[in-house]
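Asker: My structure is stored as protein-v3.cif, with mmCIF, C-alpha atoms.
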```cif
data_protein
loop_
_atom_site.label_atom_id
_atom_site.label_comp_id
_atom_site.auth_asym_id
_atom_site.auth_seq_id
_atom_site.Cartn_x
_atom_site.Cartn_y
_atom_site.Cartn_z
CA MET X 97 -157.03 -1.45 132.89
CA THR X 98 -154.14 -1.64 130.42
CA LEU X 99 -151.31 -4.08 129.92
CA PRO X 100 -148.17 -3.57 131.97
CA ARG X 101 -145.01 -2.71 130.06
CA VAL X 102 -143.73 -6.27 130.57
CA HIS X 103 -146.62 -8.69 130.89
CA PRO X 104 -145.93 -11.47 133.43
CA TYR X 105 -146.53 -14.07 130.73
CA LEU X 106 -143.61 -12.65 128.74
CA ASP X 107 -141.31 -12.02 131.68
CA VAL X 108 -138.69 -14.52 130.56
CA ASP X 109 -135.03 -14.39 129.63
CA GLY X 110 -134.46 -15.75 126.15
CA PRO X 111 -136.71 -17.44 123.59
CA ILE X 112 -139.87 -19.22 124.74
CA ALA X 113 -140.28 -22.89 123.87
CA PHE X 114 -143.95 -23.80 123.31
CA ALA X 115 -145.18 -27.40 123.23
CA HIS X 116 -147.84 -27.38 120.48
CA ARG X 117 -150.92 -29.23 121.76
CA GLY X 118 -148.56 -30.66 124.36
CA GLY X 119 -146.11 -31.86 121.71
CA ALA X 120 -148.39 -33.70 119.31
CA ALA X 121 -145.63 -35.54 117.41
CA MET X 122 -143.37 -36.40 120.33
CA ALA X 123 -142.93 -40.06 121.26
CA GLY X 124 -145.75 -41.10 123.55
CA ASN X 125 -148.00 -38.24 122.47
CA GLU X 126 -148.94 -39.36 118.95
CA GLY X 127 -152.72 -39.32 118.64
CA LEU X 128 -153.12 -37.83 122.12
CA GLU X 129 -152.87 -34.11 121.40
CA ASN X 130 -154.34 -31.67 123.92
CA THR X 131 -154.83 -34.35 126.56
CA LEU X 132 -153.61 -33.98 130.09
CA ALA X 133 -151.24 -36.88 129.48
CA ALA X 134 -149.64 -35.05 126.54
CA LEU X 135 -149.38 -31.79 128.44
CA ARG X 136 -147.78 -33.57 131.39
CA ARG X 137 -145.15 -35.17 129.15
CA ALA X 138 -144.13 -31.73 127.94
CA VAL X 139 -144.00 -30.41 131.50
CA ASP X 140 -141.97 -33.44 132.58
CA LEU X 141 -139.51 -32.58 129.79
CA GLY X 142 -139.07 -29.16 131.37
CA TYR X 143 -141.59 -27.13 129.38
CA ARG X 144 -143.46 -24.30 131.03
CA TYR X 145 -145.33 -22.98 127.97
CA LEU X 146 -148.09 -25.11 126.46
CA GLU X 147 -149.99 -24.23 123.30
CA THR X 148 -153.56 -25.48 123.16
CA ASP X 149 -156.98 -24.93 121.57
CA VAL X 150 -160.37 -24.57 123.20
CA ARG X 151 -163.97 -25.20 122.19
CA ALA X 152 -167.21 -25.22 124.16
CA THR X 153 -169.74 -27.99 124.57
CA GLN X 154 -173.44 -27.32 124.01
CA ASP X 155 -173.81 -26.59 127.72
CA GLY X 156 -170.91 -24.13 127.76
CA VAL X 157 -168.07 -26.16 129.26
CA VAL X 158 -164.63 -25.27 127.88
CA TYR X 159 -162.57 -28.21 126.63
CA LEU X 160 -159.19 -28.51 124.98
CA CYS X 161 -159.88 -29.49 121.38
CA HIS X 162 -158.58 -28.29 118.03
CA ASP X 163 -161.08 -29.75 115.56
CA ALA X 164 -164.70 -28.66 115.27
CA ASP X 165 -165.82 -32.29 115.15
CA LEU X 166 -164.49 -35.35 116.94
CA LEU X 167 -163.99 -37.72 114.01
CA ARG X 168 -160.19 -37.52 113.82
CA LEU X 169 -159.60 -37.60 117.56
CA ALA X 170 -162.28 -39.93 118.85
CA GLY X 171 -164.08 -41.46 115.86
CA ALA X 172 -167.29 -39.54 116.60
CA GLU X 173 -168.72 -37.70 113.61
CA ARG X 174 -170.27 -34.93 115.70
CA PRO X 175 -169.35 -31.32 116.39
CA ILE X 176 -168.23 -30.73 119.95
CA ALA X 177 -170.64 -27.76 120.04
CA SER X 178 -173.57 -30.17 119.63
CA MET X 179 -172.56 -32.37 122.56
CA LEU X 180 -173.32 -32.06 126.23
CA GLU X 181 -170.38 -32.32 128.57
CA ALA X 182 -171.68 -35.62 129.92
CA GLU X 183 -171.52 -37.07 126.40
CA LEU X 184 -168.01 -35.79 125.75
CA ARG X 185 -166.77 -37.29 128.99
CA GLU X 186 -167.63 -40.74 127.65
CA LEU X 187 -165.30 -40.39 124.65
CA ARG X 188 -161.54 -40.98 124.51
CA VAL X 189 -158.83 -39.31 122.45
CA GLY X 190 -157.07 -42.05 120.51
CA ASP X 191 -159.15 -44.63 122.40
CA ALA X 192 -156.95 -43.90 125.41
CA GLU X 193 -157.19 -40.52 127.11
CA PRO X 194 -160.20 -38.43 128.16
CA PHE X 195 -160.82 -34.99 126.78
CA VAL X 196 -159.70 -32.42 129.33
CA ARG X 197 -161.46 -29.29 130.50
CA LEU X 198 -159.45 -26.08 130.42
CA GLU X 199 -160.25 -25.66 134.10
CA ASP X 200 -158.69 -29.03 134.90
CA ALA X 201 -155.58 -28.25 132.86
CA LEU X 202 -155.08 -24.95 134.68
CA THR X 203 -155.53 -26.64 138.04
CA ALA X 204 -153.47 -29.77 137.35
CA LEU X 205 -150.53 -27.77 135.96
CA PRO X 206 -150.42 -24.69 138.18
CA ASP X 207 -146.94 -23.58 137.09
CA ALA X 208 -147.63 -23.91 133.37
CA ARG X 209 -148.42 -20.99 131.09
CA PHE X 210 -150.94 -21.53 128.33
CA ASN X 211 -151.15 -20.14 124.82
CA ILE X 212 -154.85 -20.58 124.08
CA ASP X 213 -156.38 -20.50 120.61
CA LEU X 214 -160.08 -19.62 120.85
CA LYS X 215 -161.45 -21.81 118.07
CA SER X 216 -165.08 -20.68 117.99
CA ASP X 217 -167.27 -17.70 118.83
CA ASP X 218 -169.25 -19.61 121.44
CA VAL X 219 -166.18 -20.41 123.54
CA VAL X 220 -165.16 -16.79 124.19
CA ASP X 221 -167.53 -15.92 127.04
CA PRO X 222 -167.21 -19.17 129.02
CA ALA X 223 -163.43 -19.13 128.58
CA LEU X 224 -163.18 -15.57 129.89
CA ALA X 225 -165.47 -16.39 132.80
CA LEU X 226 -163.25 -19.36 133.65
CA LEU X 227 -160.09 -17.24 133.52
CA ASP X 228 -161.83 -14.69 135.76
CA ARG X 229 -162.61 -17.35 138.36
CA HIS X 230 -159.04 -18.58 138.39
CA ASP X 231 -157.48 -15.11 138.13
CA ALA X 232 -155.36 -16.66 135.38
CA TYR X 233 -154.62 -13.75 133.04
CA ASP X 234 -150.98 -13.58 134.11
CA ARG X 235 -150.41 -17.11 132.82
CA VAL X 236 -152.29 -17.08 129.51
CA CYS X 237 -152.03 -15.54 126.08
CA LEU X 238 -155.26 -15.61 124.07
CA GLY X 239 -155.32 -15.82 120.31
CA SER X 240 -157.60 -16.47 117.36
CA PHE X 241 -157.46 -16.36 113.60
CA SER X 242 -160.72 -14.37 113.81
CA THR X 243 -160.21 -10.62 114.13
CA GLU X 244 -163.74 -10.11 115.44
CA ARG X 245 -163.26 -12.80 118.07
CA ILE X 246 -159.98 -11.44 119.42
CA GLN X 247 -161.35 -7.89 119.43
CA ARG X 248 -164.21 -9.14 121.61
CA VAL X 249 -161.64 -10.43 124.06
CA ARG X 250 -159.74 -7.14 124.18
CA ALA X 251 -162.92 -5.13 124.66
CA ALA X 252 -164.20 -7.38 127.44
CA ARG X 253 -160.87 -8.01 129.21
CA PRO X 254 -158.31 -5.27 128.51
CA GLN X 255 -155.94 -6.95 130.97
CA ALA X 256 -155.69 -10.02 128.71
CA LEU X 257 -152.53 -10.57 126.72
CA THR X 258 -153.49 -11.35 123.12
CA SER X 259 -151.86 -12.26 119.85
CA PHE X 260 -152.55 -10.62 116.51
CA ALA X 261 -155.31 -12.05 114.33
CA SER X 262 -154.43 -12.90 110.72
CA THR X 263 -155.71 -9.64 109.26
CA GLU X 264 -153.82 -7.69 111.92
CA VAL X 265 -150.60 -9.45 110.99
CA ALA X 266 -151.15 -8.47 107.36
CA THR X 267 -151.79 -4.87 108.36
CA PHE X 268 -148.66 -4.87 110.51
CA VAL X 269 -146.56 -6.10 107.60
CA LEU X 270 -147.91 -3.47 105.21
CA ALA X 271 -148.28 -0.42 107.47
CA PRO X 272 -145.51 2.09 108.20
CA ILE X 273 -143.74 1.20 111.43
CA ARG X 274 -144.56 4.57 113.01
CA ARG X 275 -148.24 3.59 113.07
CA TRP X 276 -147.45 0.60 115.28
CA ARG X 277 -145.09 2.01 117.88
CA GLU X 278 -146.92 1.67 121.23
CA ARG X 279 -150.26 1.01 119.52
CA PRO X 280 -150.27 -2.77 120.02
CA VAL X 281 -149.38 -2.36 123.70
CA ARG X 282 -152.30 -0.05 124.34
CA ARG X 283 -154.88 -2.29 122.72
CA GLY X 284 -153.65 -5.55 124.21
CA ALA X 285 -151.95 -7.16 121.22
CA ARG X 286 -148.36 -7.93 122.09
CA CYS X 287 -147.63 -11.24 120.37
CA LEU X 288 -147.13 -11.74 116.65
CA GLN X 289 -147.65 -15.49 116.37
CA VAL X 290 -147.05 -16.41 112.76
CA PRO X 291 -145.91 -19.17 110.40
CA ARG X 292 -142.46 -18.75 108.89
CA THR X 293 -144.00 -18.70 105.42
CA ARG X 294 -147.45 -18.19 103.95
CA GLY X 295 -147.65 -19.66 100.47
CA PRO X 296 -144.80 -18.13 98.45
CA LEU X 297 -144.32 -15.31 100.98
CA THR X 298 -141.64 -15.48 103.66
CA VAL X 299 -143.28 -13.89 106.70
CA VAL X 300 -140.49 -14.09 109.24
CA THR X 301 -137.42 -12.17 108.16
CA ARG X 302 -134.87 -10.23 110.15
CA ARG X 303 -136.65 -7.02 109.14
CA PHE X 304 -140.00 -8.41 110.33
CA VAL X 305 -138.50 -9.28 113.71
CA GLU X 306 -136.87 -5.86 114.02
CA ARG X 307 -140.15 -4.11 113.15
CA ALA X 308 -142.00 -6.15 115.74
CA HIS X 309 -139.48 -5.32 118.45
CA ALA X 310 -139.58 -1.64 117.53
CA ALA X 311 -143.36 -1.75 118.00
CA GLY X 312 -143.05 -3.34 121.44
CA CYS X 313 -144.11 -6.79 120.24
CA VAL X 314 -142.64 -10.27 120.34
CA VAL X 315 -142.48 -12.82 117.53
CA HIS X 316 -143.49 -16.46 118.07
CA VAL X 317 -143.25 -18.77 115.05
CA TRP X 318 -145.31 -21.92 114.44
CA THR X 319 -145.17 -24.87 113.90
CA ILE X 320 -141.45 -25.64 113.66
CA ASP X 321 -140.31 -29.26 113.92
CA ASP X 322 -137.05 -29.24 111.95
CA PRO X 323 -133.90 -28.49 114.00
CA ALA X 324 -132.19 -26.63 111.14
CA GLU X 325 -135.21 -24.36 110.77
CA MET X 326 -135.30 -23.84 114.53
CA ARG X 327 -131.68 -22.68 114.48
CA ALA X 328 -132.25 -20.36 111.52
CA LEU X 329 -135.22 -18.67 113.19
CA LEU X 330 -133.41 -18.29 116.49
CA ASP X 331 -130.56 -16.67 114.58
CA LEU X 332 -133.07 -14.08 113.32
CA GLY X 333 -133.87 -13.16 116.92
CA VAL X 334 -137.40 -14.56 117.24
CA ASP X 335 -138.81 -14.62 120.76
CA GLY X 336 -140.36 -18.06 120.71
CA LEU X 337 -140.92 -21.25 118.73
CA VAL X 338 -144.01 -23.46 118.74
CA THR X 339 -143.30 -27.12 118.02
CA ASP X 340 -144.89 -30.55 117.83
CA ARG X 341 -141.45 -31.94 118.75
CA PRO X 342 -140.57 -30.37 122.09
CA ASP X 343 -137.81 -32.95 122.53
CA LEU X 344 -135.99 -31.65 119.43
CA LEU X 345 -136.49 -28.00 120.31
CA LYS X 346 -135.11 -28.61 123.78
CA ASP X 347 -131.99 -30.18 122.25
CA VAL X 348 -131.48 -27.17 119.97
CA LEU X 349 -131.89 -24.70 122.81
CA LEU X 350 -129.54 -26.71 125.02
CA GLU X 351 -126.81 -26.69 122.39
CA ARG X 352 -127.16 -22.90 122.10
CA GLY X 353 -127.22 -22.33 125.85
CA GLN X 354 -130.78 -20.95 125.59
CA TRP X 355 -132.81 -23.66 127.32
CA LYS X 356 -134.67 -22.54 130.42
CA ASP X 357 -136.03 -25.47 132.39
CA ALA X 358 -139.39 -24.82 134.06
CA ALA X 359 -138.80 -23.82 137.67
#
```
Starting from the file, lay out its structure as structure tokens.
Answerer:
Amino acid sequence: MTLPRVHPYLDVDGPIAFAHRGGAAMAGNEGLENTLAALRRAVDLGYRYLETDVRATQDGVVYLCHDADLLRLAGAERPIASMLEAELRELRVGDAEPFVRLEDALTALPDARFNIDLKSDDVVDPALALLDRHDAYDRVCLGSFSTERIQRVRAARPQALTSFASTEVATFVLAPIRRWRERPVRRGARCLQVPRTRGPLTVVTRRFVERAHAAGCVVHVWTIDDPAEMRALLDLGVDGLVTDRPDLLKDVLLERGQWKDAA
């Protein structure tokens, strides 16, 4: 199976607005990232696209969680991979909200689309099995900083929409454009999800966006919380912005006539 020319996840008119971890810095969400409460606030604001991270418990249950350990989020100095699900269910993010399983997020928010960062090697197989059970590939994009990890996904599930790993982004920037025309589409990588800058290097330029589009790819930029920077990137023609402040991004898109409320 190969990707369709226009993947259902990307079948949108205009730039995509992503709520990063549900909008981690938005009022009401501080300290509650990746919880169902945070995700719901973004959806209530009109967001359809939610960025999140997943890790697996010791017994293979997939949870939304960015950090390898739970110290920052729940005051527990233990890796999530060393905990049984029953133990994790006893903890609270910010002393308030439970950790949420990916399965519960998919079920509770059936109209939402998820941009999922696979944070560890041990989460790949249970995450794919979960997406199989829910037939959810039309509503997810899978990514990872690990090239090996994302290549495992593409080999196991060629129907999955994926983003470029870090080394693949570097190769894309340096390689002649003719090497990339149609190639990303065939192997499953369609989304260049990148920071605007990396150290002293400006990654996202008009030329970068044009090269991506010529190769059949889209450009999503993270994590953008400043309205002026949002406007500048949209002027370059990027296809999506990931933000911790979904309220501010919505305002910018409204003023430009580019906001698409979730149906």
Asker: Would you translate the PyMOL selection byres ((chain X and resi 194-205) around 6) into the concrete set of residues it matches in this file, as a list of chain:residue names?
Answerer: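 Output of the PyMOL selection byres ((chain X and resi 194-205) around 6): X:Thr131, X:Val158, X:Tyr159, X:Leu160, X:Arg188, X:Val189, X:Glu193, X:Pro206, X:Asp207, X:Ala208.
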Asker: What would the selection look like, as number ranges by chain, if the PyMOL selection byres ((chain X and resi 137-142) around 12) were run on the coordinates I just shared?
Answerer: X: 112-126, 128-136, 143-147, 201, 204-210, 339-347, 350, 355-359
Asker: Please produce a file of those selected residues containing C-alpha atoms, as a compact mmCIF listing (two decimals), keeping the file's coordinate frame.
Answerer:
```
# COMPACT_ATOMS: atom_id res chain seq x y z
CA ILE X 112 -139.87 -19.22 124.74
CA ALA X 113 -140.28 -22.89 123.87
CA PHE X 114 -143.95 -23.80 123.31
CA ALA X 115 -145.18 -27.40 123.23
CA HIS X 116 -147.84 -27.38 120.48
CA ARG X 117 -150.92 -29.23 121.76
CA GLY X 118 -148.56 -30.66 124.36
CA GLY X 119 -146.11 -31.86 121.71
CA ALA X 120 -148.39 -33.70 119.31
CA ALA X 121 -145.63 -35.54 117.41
CA MET X 122 -143.37 -36.40 120.33
CA ALA X 123 -142.93 -40.06 121.26
CA GLY X 124 -145.75 -41.10 123.55
CA ASN X 125 -148.00 -38.24 122.47
CA GLU X 126 -148.94 -39.36 118.95
CA LEU X 128 -153.12 -37.83 122.12
CA GLU X 129 -152.87 -34.11 121.40
CA ASN X 130 -154.34 -31.67 123.92
CA THR X 131 -154.83 -34.35 126.56
CA LEU X 132 -153.61 -33.98 130.09
CA ALA X 133 -151.24 -36.88 129.48
CA ALA X 134 -149.64 -35.05 126.54
CA LEU X 135 -149.38 -31.79 128.44
CA ARG X 136 -147.78 -33.57 131.39
CA TYR X 143 -141.59 -27.13 129.38
CA ARG X 144 -143.46 -24.30 131.03
CA TYR X 145 -145.33 -22.98 127.97
CA LEU X 146 -148.09 -25.11 126.46
CA GLU X 147 -149.99 -24.23 123.30
CA ALA X 201 -155.58 -28.25 132.86
CA ALA X 204 -153.47 -29.77 137.35
CA LEU X 205 -150.53 -27.77 135.96
CA PRO X 206 -150.42 -24.69 138.18
CA ASP X 207 -146.94 -23.58 137.09
CA ALA X 208 -147.63 -23.91 133.37
CA ARG X 209 -148.42 -20.99 131.09
CA PHE X 210 -150.94 -21.53 128.33
CA THR X 339 -143.30 -27.12 118.02
CA ASP X 340 -144.89 -30.55 117.83
CA ARG X 341 -141.45 -31.94 118.75
CA PRO X 342 -140.57 -30.37 122.09
CA ASP X 343 -137.81 -32.95 122.53
CA LEU X 344 -135.99 -31.65 119.43
CA LEU X 345 -136.49 -28.00 120.31
CA LYS X 346 -135.11 -28.61 123.78
CA ASP X 347 -131.99 -30.18 122.25
CA LEU X 350 -129.54 -26.71 125.02
CA TRP X 355 -132.81 -23.66 127.32
CA LYS X 356 -134.67 -22.54 130.42
CA ASP X 357 -136.03 -25.47 132.39
CA ALA X 358 -139.39 -24.82 134.06
CA ALA X 359 -138.80 -23.82 137.67
```
Asker: Taking the file above as input, evaluate the PyMOL selection byres ((chain X and resi 288-293) around 10) and report the hits as a PDB file with C-alpha atoms, in the coordinates of the input.
Answerer:
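File part35.pdb, as written:
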```
ATOM      1  CA  GLY X 239    -155.320 -15.820 120.310  1.00  0.00           C
ATOM      2  CA  THR X 258    -153.490 -11.350 123.120  1.00  0.00           C
ATOM      3  CA  SER X 259    -151.860 -12.260 119.850  1.00  0.00           C
ATOM      4  CA  PHE X 260    -152.550 -10.620 116.510  1.00  0.00           C
ATOM      5  CA  ALA X 261    -155.310 -12.050 114.330  1.00  0.00           C
ATOM      6  CA  SER X 262    -154.430 -12.900 110.720  1.00  0.00           C
ATOM      7  CA  GLU X 264    -153.820  -7.690 111.920  1.00  0.00           C
ATOM      8  CA  VAL X 265    -150.600  -9.450 110.990  1.00  0.00           C
ATOM      9  CA  PHE X 268    -148.660  -4.870 110.510  1.00  0.00           C
ATOM     10  CA  ALA X 285    -151.950  -7.160 121.220  1.00  0.00           C
ATOM     11  CA  ARG X 286    -148.360  -7.930 122.090  1.00  0.00           C
ATOM     12  CA  CYS X 287    -147.630 -11.240 120.370  1.00  0.00           C
ATOM     13  CA  ARG X 294    -147.450 -18.190 103.950  1.00  0.00           C
ATOM     14  CA  GLY X 295    -147.650 -19.660 100.470  1.00  0.00           C
ATOM     15  CA  PRO X 296    -144.800 -18.130  98.450  1.00  0.00           C
ATOM     16  CA  LEU X 297    -144.320 -15.310 100.980  1.00  0.00           C
ATOM     17  CA  THR X 298    -141.640 -15.480 103.660  1.00  0.00           C
ATOM     18  CA  VAL X 299    -143.280 -13.890 106.700  1.00  0.00           C
ATOM     19  CA  VAL X 300    -140.490 -14.090 109.240  1.00  0.00           C
ATOM     20  CA  THR X 301    -137.420 -12.170 108.160  1.00  0.00           C
ATOM     21  CA  VAL X 305    -138.500  -9.280 113.710  1.00  0.00           C
ATOM     22  CA  ALA X 308    -142.000  -6.150 115.740  1.00  0.00           C
ATOM     23  CA  CYS X 313    -144.110  -6.790 120.240  1.00  0.00           C
ATOM     24  CA  VAL X 314    -142.640 -10.270 120.340  1.00  0.00           C
ATOM     25  CA  VAL X 315    -142.480 -12.820 117.530  1.00  0.00           C
ATOM     26  CA  HIS X 316    -143.490 -16.460 118.070  1.00  0.00           C
ATOM     27  CA  VAL X 317    -143.250 -18.770 115.050  1.00  0.00           C
ATOM     28  CA  TRP X 318    -145.310 -21.920 114.440  1.00  0.00           C
ATOM     29  CA  THR X 319    -145.170 -24.870 113.900  1.00  0.00           C
ATOM     30  CA  ILE X 320    -141.450 -25.640 113.660  1.00  0.00           C
ATOM     31  CA  GLU X 325    -135.210 -24.360 110.770  1.00  0.00           C
ATOM     32  CA  LEU X 329    -135.220 -18.670 113.190  1.00  0.00           C
ATOM     33  CA  ASP X 335    -138.810 -14.620 120.760  1.00  0.00           C
ATOM     34  CA  GLY X 336    -140.360 -18.060 120.710  1.00  0.00           C
ATOM     35  CA  LEU X 337    -140.920 -21.250 118.730  1.00  0.00           C
ATOM     36  CA  VAL X 338    -144.010 -23.460 118.740  1.00  0.00           C
TER      37      VAL X 338
END
```
Asker: So the first atom is CA of Ile212 (chain X) and the second is CA of Ala232 (chain X); what is the distance between them in Å, to one decimal place?
Answerer: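 So the two atoms, CA of Ile212 (chain X) and CA of Ala232 (chain X), lie 12.0 Å apart.
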Asker: Please measure the separation of CA of Val220 (chain X) and CA of Thr263 (chain X), giving the value in Å to one decimal.
Answerer: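 Going from CA of Val220 (chain X) over to CA of Thr263 (chain X) covers 19.1 Å.
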Asker: Please report the interatomic distance between CA of Thr148 (chain X) and CA of Pro111 (chain X) in Å with one decimal.
Answerer: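 Atom-to-atom, CA of Thr148 (chain X) and CA of Pro111 (chain X) are spaced 18.7 Å apart.
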Asker: Considering only C-alpha atoms, can you say which of X:Leu180, X:Ala172, X:Ala223, X:Ala256 comes closest to Arg235 (chain X)?
Answerer: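 Using only C-alpha atoms, Arg235 (chain X) sits closest to X:Ala256.
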Asker: From the options X:Ala177, X:Leu106, X:Leu169, X:Ile246, which residue's atoms come nearest to Asp234 (chain X), counting all atoms listed in the file?
Answerer: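 Ranked by minimum distance to Asp234 (chain X), first place goes to X:Leu106.
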